[in-house]
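*Asks:* Next comes the structure file my_file.tsv, holding TSV, N, CA and C atoms.
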```tsv
chain	number	residue	atom	x	y	z
A	1	MET	N	42.75	-44.18	26.86
A	1	MET	CA	44.01	-43.53	27.18
A	1	MET	C	44.90	-44.50	27.95
A	2	THR	N	46.16	-44.42	27.65
A	2	THR	CA	47.10	-45.30	28.30
A	2	THR	C	47.68	-44.65	29.56
A	3	LEU	N	48.35	-45.46	30.34
A	3	LEU	CA	49.00	-44.94	31.54
A	3	LEU	C	50.08	-43.95	31.16
A	4	ASN	N	50.77	-44.20	30.06
A	4	ASN	CA	51.81	-43.29	29.59
A	4	ASN	C	51.22	-41.92	29.26
A	5	HIS	N	50.01	-41.89	28.70
A	5	HIS	CA	49.34	-40.63	28.38
A	5	HIS	C	49.14	-39.80	29.65
A	6	PHE	N	48.75	-40.44	30.73
A	6	PHE	CA	48.55	-39.71	31.98
A	6	PHE	C	49.87	-39.18	32.51
A	7	ARG	N	50.97	-39.95	32.35
A	7	ARG	CA	52.27	-39.49	32.81
A	7	ARG	C	52.68	-38.25	32.03
A	8	ILE	N	52.44	-38.23	30.73
A	8	ILE	CA	52.78	-37.07	29.91
A	8	ILE	C	51.95	-35.87	30.36
A	9	MET	N	50.66	-36.08	30.58
A	9	MET	CA	49.82	-34.98	31.05
A	9	MET	C	50.34	-34.46	32.38
A	10	SER	N	50.73	-35.36	33.25
A	10	SER	CA	51.22	-34.97	34.55
A	10	SER	C	52.51	-34.16	34.42
A	11	ASN	N	53.42	-34.58	33.53
A	11	ASN	CA	54.66	-33.84	33.32
A	11	ASN	C	54.38	-32.44	32.77
A	12	ALA	N	53.40	-32.33	31.87
A	12	ALA	CA	53.04	-31.02	31.33
A	12	ALA	C	52.52	-30.13	32.45
A	13	ASN	N	51.70	-30.69	33.33
A	13	ASN	CA	51.19	-29.92	34.47
A	13	ASN	C	52.33	-29.49	35.38
A	14	LEU	N	53.25	-30.40	35.64
A	14	LEU	CA	54.39	-30.08	36.50
A	14	LEU	C	55.22	-28.96	35.89
A	15	GLN	N	55.38	-28.97	34.58
A	15	GLN	CA	56.15	-27.92	33.91
A	15	GLN	C	55.44	-26.57	34.02
A	16	GLN	N	54.12	-26.58	33.84
A	16	GLN	CA	53.37	-25.32	33.98
A	16	GLN	C	53.48	-24.79	35.41
A	17	LEU	N	53.41	-25.68	36.37
A	17	LEU	CA	53.51	-25.28	37.76
A	17	LEU	C	54.91	-24.73	38.07
A	18	HIS	N	55.92	-25.32	37.46
A	18	HIS	CA	57.28	-24.83	37.66
A	18	HIS	C	57.42	-23.41	37.11
A	19	VAL	N	56.79	-23.13	35.98
A	19	VAL	CA	56.81	-21.78	35.42
A	19	VAL	C	56.13	-20.81	36.38
A	20	LEU	N	55.04	-21.23	37.02
A	20	LEU	CA	54.39	-20.39	38.02
A	20	LEU	C	55.33	-20.11	39.19
A	21	CYS	N	56.08	-21.13	39.61
A	21	CYS	CA	57.06	-20.94	40.69
A	21	CYS	C	58.11	-19.90	40.28
A	22	LEU	N	58.57	-19.98	39.04
A	22	LEU	CA	59.54	-19.01	38.54
A	22	LEU	C	58.98	-17.60	38.57
A	23	GLN	N	57.72	-17.46	38.16
A	23	GLN	CA	57.09	-16.14	38.17
A	23	GLN	C	56.98	-15.60	39.59
A	24	MET	N	56.56	-16.45	40.52
A	24	MET	CA	56.45	-16.02	41.92
A	24	MET	C	57.82	-15.63	42.47
A	25	HIS	N	58.82	-16.43	42.15
A	25	HIS	CA	60.18	-16.16	42.62
A	25	HIS	C	60.67	-14.81	42.10
A	26	LYS	N	60.38	-14.53	40.83
A	26	LYS	CA	60.77	-13.25	40.23
A	26	LYS	C	60.07	-12.08	40.91
A	27	GLU	N	58.85	-12.32	41.40
A	27	GLU	CA	58.09	-11.27	42.10
A	27	GLU	C	58.54	-11.14	43.56
A	28	GLY	N	59.48	-11.99	43.97
A	28	GLY	CA	59.98	-11.92	45.34
A	28	GLY	C	59.15	-12.73	46.32
A	29	LYS	N	58.27	-13.58	45.80
A	29	LYS	CA	57.41	-14.40	46.66
A	29	LYS	C	57.98	-15.81	46.72
A	30	THR	N	57.80	-16.47	47.86
A	30	THR	CA	58.22	-17.86	48.01
A	30	THR	C	57.05	-18.76	47.62
A	31	PRO	N	57.27	-19.64	46.63
A	31	PRO	CA	56.19	-20.54	46.22
A	31	PRO	C	55.76	-21.45	47.38
A	32	SER	N	54.46	-21.58	47.55
A	32	SER	CA	53.93	-22.49	48.56
A	32	SER	C	52.84	-23.34	47.93
A	33	VAL	N	52.50	-24.42	48.59
A	33	VAL	CA	51.49	-25.33	48.06
A	33	VAL	C	50.16	-24.59	47.85
A	34	GLY	N	49.75	-23.82	48.83
A	34	GLY	CA	48.47	-23.12	48.74
A	34	GLY	C	48.43	-22.09	47.62
A	35	ILE	N	49.49	-21.29	47.52
A	35	ILE	CA	49.53	-20.27	46.48
A	35	ILE	C	49.59	-20.92	45.11
A	36	LEU	N	50.40	-21.96	44.98
A	36	LEU	CA	50.55	-22.65	43.70
A	36	LEU	C	49.22	-23.25	43.25
A	37	ARG	N	48.52	-23.87	44.19
A	37	ARG	CA	47.22	-24.48	43.83
A	37	ARG	C	46.20	-23.40	43.47
A	38	ALA	N	46.26	-22.26	44.13
A	38	ALA	CA	45.31	-21.18	43.86
A	38	ALA	C	45.58	-20.51	42.51
A	39	LYS	N	46.84	-20.37	42.14
A	39	LYS	CA	47.19	-19.66	40.91
A	39	LYS	C	47.16	-20.56	39.67
A	40	ALA	N	47.19	-21.85	39.85
A	40	ALA	CA	47.23	-22.77	38.71
A	40	ALA	C	45.94	-22.68	37.90
A	41	PRO	N	46.05	-22.74	36.57
A	41	PRO	CA	44.86	-22.67	35.72
A	41	PRO	C	44.12	-23.99	35.63
A	42	PHE	N	44.54	-24.98	36.39
A	42	PHE	CA	43.91	-26.29	36.41
A	42	PHE	C	43.97	-26.84	37.83
A	43	LYS	N	43.24	-27.90	38.08
A	43	LYS	CA	43.20	-28.51	39.40
A	43	LYS	C	44.54	-29.18	39.70
A	44	VAL	N	45.11	-28.85	40.86
A	44	VAL	CA	46.42	-29.35	41.25
A	44	VAL	C	46.30	-30.11	42.55
A	45	SER	N	46.85	-31.32	42.56
A	45	SER	CA	46.84	-32.10	43.79
A	45	SER	C	47.95	-31.58	44.70
A	46	VAL	N	47.83	-31.86	45.96
A	46	VAL	CA	48.83	-31.43	46.93
A	46	VAL	C	50.17	-32.09	46.60
A	47	THR	N	50.14	-33.36	46.21
A	47	THR	CA	51.40	-34.05	45.90
A	47	THR	C	52.08	-33.45	44.68
A	48	GLU	N	51.32	-33.05	43.67
A	48	GLU	CA	51.92	-32.38	42.51
A	48	GLU	C	52.57	-31.07	42.93
A	49	ALA	N	51.86	-30.29	43.74
A	49	ALA	CA	52.39	-29.00	44.18
A	49	ALA	C	53.67	-29.19	45.00
A	50	ILE	N	53.68	-30.17	45.87
A	50	ILE	CA	54.87	-30.45	46.68
A	50	ILE	C	56.03	-30.86	45.79
A	51	GLU	N	55.76	-31.72	44.82
A	51	GLU	CA	56.81	-32.19	43.90
A	51	GLU	C	57.42	-31.03	43.13
A	52	VAL	N	56.58	-30.14	42.63
A	52	VAL	CA	57.08	-28.99	41.87
A	52	VAL	C	57.91	-28.08	42.75
A	53	ILE	N	57.45	-27.81	43.95
A	53	ILE	CA	58.19	-26.93	44.86
A	53	ILE	C	59.53	-27.56	45.23
A	54	LYS	N	59.58	-28.88	45.44
A	54	LYS	CA	60.84	-29.56	45.72
A	54	LYS	C	61.81	-29.40	44.55
A	55	ARG	N	61.31	-29.63	43.34
A	55	ARG	CA	62.16	-29.49	42.14
A	55	ARG	C	62.61	-28.04	41.98
A	56	PHE	N	61.70	-27.12	42.20
A	56	PHE	CA	62.04	-25.71	42.05
A	56	PHE	C	63.12	-25.31	43.05
A	57	ASN	N	62.96	-25.71	44.31
A	57	ASN	CA	63.93	-25.35	45.34
A	57	ASN	C	65.29	-26.00	45.08
A	58	ALA	N	65.30	-27.17	44.46
A	58	ALA	CA	66.56	-27.85	44.16
A	58	ALA	C	67.34	-27.11	43.07
A	59	HIS	N	66.64	-26.42	42.19
A	59	HIS	CA	67.28	-25.72	41.07
A	59	HIS	C	66.83	-24.26	41.02
A	60	LYS	N	66.72	-23.64	42.17
A	60	LYS	CA	66.23	-22.26	42.24
A	60	LYS	C	67.18	-21.31	41.52
A	61	PRO	N	66.66	-20.53	40.57
A	61	PRO	CA	67.52	-19.59	39.85
A	61	PRO	C	67.84	-18.37	40.71
A	62	LYS	N	68.98	-17.77	40.41
A	62	LYS	CA	69.34	-16.53	41.10
A	62	LYS	C	68.56	-15.39	40.46
A	63	LEU	N	68.14	-14.46	41.27
A	63	LEU	CA	67.44	-13.29	40.75
A	63	LEU	C	68.47	-12.32	40.18
A	64	GLU	N	68.23	-11.91	38.94
A	64	GLU	CA	69.11	-10.95	38.30
A	64	GLU	C	68.35	-9.64	38.15
A	65	VAL	N	69.01	-8.55	38.51
A	65	VAL	CA	68.41	-7.24	38.36
A	65	VAL	C	69.12	-6.56	37.20
A	66	SER	N	68.39	-6.32	36.13
A	66	SER	CA	69.00	-5.71	34.95
A	66	SER	C	69.15	-4.21	35.15
A	67	ASN	N	69.95	-3.59	34.30
A	67	ASN	CA	70.14	-2.14	34.36
A	67	ASN	C	68.82	-1.41	34.14
A	68	GLU	N	67.97	-1.93	33.23
A	68	GLU	CA	66.68	-1.29	32.96
A	68	GLU	C	65.80	-1.29	34.21
A	69	GLU	N	65.83	-2.38	34.96
A	69	GLU	CA	65.02	-2.45	36.18
A	69	GLU	C	65.56	-1.48	37.23
A	70	ASN	N	66.90	-1.33	37.31
A	70	ASN	CA	67.48	-0.37	38.25
A	70	ASN	C	67.05	1.04	37.90
A	71	VAL	N	67.08	1.37	36.61
A	71	VAL	CA	66.67	2.70	36.17
A	71	VAL	C	65.19	2.91	36.47
A	72	ALA	N	64.35	1.89	36.20
A	72	ALA	CA	62.92	2.01	36.46
A	72	ALA	C	62.64	2.21	37.95
A	73	GLN	N	63.42	1.56	38.81
A	73	GLN	CA	63.21	1.72	40.25
A	73	GLN	C	63.65	3.11	40.71
A	74	GLN	N	64.70	3.63	40.10
A	74	GLN	CA	65.20	4.95	40.49
A	74	GLN	C	64.37	6.07	39.89
A	75	ASN	N	63.71	5.81	38.74
A	75	ASN	CA	62.97	6.84	38.03
A	75	ASN	C	61.56	6.33	37.70
A	76	PRO	N	60.66	6.27	38.68
A	76	PRO	CA	59.33	5.72	38.43
A	76	PRO	C	58.49	6.57	37.48
A	77	VAL	N	58.87	7.82	37.21
A	77	VAL	CA	58.11	8.68	36.30
A	77	VAL	C	58.28	8.21	34.86
A	78	ALA	N	59.31	7.44	34.56
A	78	ALA	CA	59.62	7.02	33.20
A	78	ALA	C	58.70	5.90	32.70
A	79	THR	N	57.60	5.64	33.35
A	79	THR	CA	56.71	4.55	32.95
A	79	THR	C	55.54	5.04	32.12
A	80	THR	N	55.67	6.18	31.44
A	80	THR	CA	54.59	6.67	30.59
A	80	THR	C	54.60	5.90	29.29
A	81	ASP	N	53.59	6.12	28.45
A	81	ASP	CA	53.47	5.38	27.20
A	81	ASP	C	54.15	6.09	26.03
A	82	GLU	N	55.37	6.57	26.24
A	82	GLU	CA	56.14	7.16	25.17
A	82	GLU	C	56.67	6.04	24.28
A	83	PRO	N	56.84	6.29	22.98
A	83	PRO	CA	57.31	5.23	22.07
A	83	PRO	C	58.63	4.58	22.51
A	84	GLY	N	59.58	5.37	22.98
A	84	GLY	CA	60.85	4.81	23.45
A	84	GLY	C	60.66	3.90	24.65
A	85	ASN	N	59.78	4.32	25.56
A	85	ASN	CA	59.51	3.51	26.74
A	85	ASN	C	58.80	2.22	26.37
A	86	LEU	N	57.88	2.28	25.42
A	86	LEU	CA	57.19	1.07	24.97
A	86	LEU	C	58.19	0.09	24.36
A	87	HIS	N	59.14	0.61	23.62
A	87	HIS	CA	60.18	-0.24	23.03
A	87	HIS	C	60.98	-0.93	24.13
A	88	ALA	N	61.35	-0.20	25.15
A	88	ALA	CA	62.11	-0.77	26.27
A	88	ALA	C	61.29	-1.83	27.00
A	89	ARG	N	59.99	-1.57	27.16
A	89	ARG	CA	59.12	-2.54	27.83
A	89	ARG	C	59.02	-3.82	27.00
A	90	VAL	N	58.90	-3.70	25.68
A	90	VAL	CA	58.82	-4.88	24.81
A	90	VAL	C	60.12	-5.67	24.91
A	91	GLU	N	61.27	-4.98	24.90
A	91	GLU	CA	62.55	-5.67	25.03
A	91	GLU	C	62.64	-6.43	26.35
A	92	THR	N	62.19	-5.79	27.42
A	92	THR	CA	62.21	-6.45	28.73
A	92	THR	C	61.33	-7.69	28.73
A	93	LEU	N	60.15	-7.57	28.16
A	93	LEU	CA	59.24	-8.73	28.09
A	93	LEU	C	59.83	-9.84	27.23
A	94	GLU	N	60.48	-9.48	26.13
A	94	GLU	CA	61.10	-10.49	25.28
A	94	GLU	C	62.21	-11.22	26.03
A	95	LYS	N	62.98	-10.49	26.83
A	95	LYS	CA	64.03	-11.12	27.64
A	95	LYS	C	63.43	-12.08	28.66
A	96	GLU	N	62.33	-11.67	29.29
A	96	GLU	CA	61.68	-12.53	30.28
A	96	GLU	C	61.13	-13.79	29.63
A	97	VAL	N	60.54	-13.66	28.44
A	97	VAL	CA	60.03	-14.84	27.73
A	97	VAL	C	61.18	-15.77	27.39
A	98	ALA	N	62.30	-15.22	26.92
A	98	ALA	CA	63.46	-16.05	26.59
A	98	ALA	C	63.97	-16.78	27.83
A	99	GLU	N	63.98	-16.09	28.97
A	99	GLU	CA	64.42	-16.71	30.23
A	99	GLU	C	63.48	-17.84	30.63
A	100	LEU	N	62.19	-17.63	30.49
A	100	LEU	CA	61.23	-18.67	30.82
A	100	LEU	C	61.37	-19.86	29.88
A	101	LYS	N	61.63	-19.59	28.60
A	101	LYS	CA	61.83	-20.68	27.63
A	101	LYS	C	63.07	-21.50	28.01
A	102	ARG	N	64.16	-20.81	28.38
A	102	ARG	CA	65.38	-21.53	28.79
A	102	ARG	C	65.09	-22.40	30.01
A	103	ALA	N	64.38	-21.85	30.98
A	103	ALA	CA	64.06	-22.63	32.19
A	103	ALA	C	63.19	-23.82	31.85
A	104	LEU	N	62.24	-23.64	30.96
A	104	LEU	CA	61.35	-24.73	30.55
A	104	LEU	C	62.14	-25.82	29.84
A	105	HIS	N	63.06	-25.43	28.96
A	105	HIS	CA	63.89	-26.41	28.26
A	105	HIS	C	64.77	-27.17	29.25
A	106	GLN	N	65.28	-26.49	30.26
A	106	GLN	CA	66.09	-27.16	31.28
A	106	GLN	C	65.26	-28.20	32.03
A	107	ILE	N	64.03	-27.84	32.33
A	107	ILE	CA	63.13	-28.77	33.04
A	107	ILE	C	62.86	-29.98	32.17
A	108	ILE	N	62.54	-29.73	30.90
A	108	ILE	CA	62.22	-30.82	29.98
A	108	ILE	C	63.43	-31.74	29.81
A	109	ASN	N	64.61	-31.17	29.63
A	109	ASN	CA	65.81	-31.97	29.42
A	109	ASN	C	66.25	-32.72	30.67
A	110	ALA	N	65.88	-32.22	31.84
A	110	ALA	CA	66.25	-32.88	33.10
A	110	ALA	C	65.43	-34.13	33.35
A	111	GLN	N	64.31	-34.26	32.66
A	111	GLN	CA	63.43	-35.41	32.94
A	111	GLN	C	63.70	-36.56	32.06
```
For this file, write the structure as structure tokens.

*Replies:*
Amino acid sequence: MTLNHFRIMSNANLQQLHVLCLQMHKEGKTPSVGILRAKAPFKVSVTEAIEVIKRFNAHKPKLEVSNEENVAQQNPVATTDEPGNLHARVETLEKEVAELKRALHQIINAQ
């Protein structure tokens, strides 16, 4: 393996860690080195975690609350497995995946 191969692996790890930071941020949690290392599906060095958190904080996205989330917060009974509700949940998940893809593309293009 070449040195370049390790750099690519490292960038892929950094991108995965950045996605974890986005998920934590969406949950209202502040990403930290300890939490990031604990949640990562692979071994993360402290320097990698610090680098990701620095990059994340430099380009931290604003939290957006959609109308569906407002309705869900106001009406917690609407979380049953009715077909209409399942459709709304799938749409919400598709939007979140699209948002994560956009963020990932921004990260990739910034490097």

*Asks:* To one decimal place, how far is atom N of Leu104 in chain A from atom N of His87 in chain A in Å?

*Replies:*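 The value is 25.5 Å.
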
*Asks:* Using only C-alpha atoms, can you tell me which of A:Val33, A:Val97, A:Ala88, A:Cys21 comes closest to Thr47 in chain A?

*Replies:*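 Nearest to Thr47 in chain A: A:Val33.
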
*Asks:* Which value, in Å to one decimal, gives the distance between CA of Arg55 in chain A and CA of Gly34 in chain A?

*Replies:* 16.5 Å

*Asks:* Hey, can you check how far atom C of Thr30 in chain A sits from CA of Glu99 in chain A?

*Replies:*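 Separating atom C of Thr30 in chain A from CA of Glu99 in chain A is a distance of 19.0 Å.
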
*Asks:* Looking at only C-alpha atoms, which of A:Val19, A:Leu93, A:Leu14, A:Met24 is the one that sits closest to Glu51 in chain A?

*Replies:*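 Checking each of A:Val19, A:Leu93, A:Leu14, A:Met24 against Glu51 in chain A, counting only C-alpha atoms, the winner is A:Leu14.
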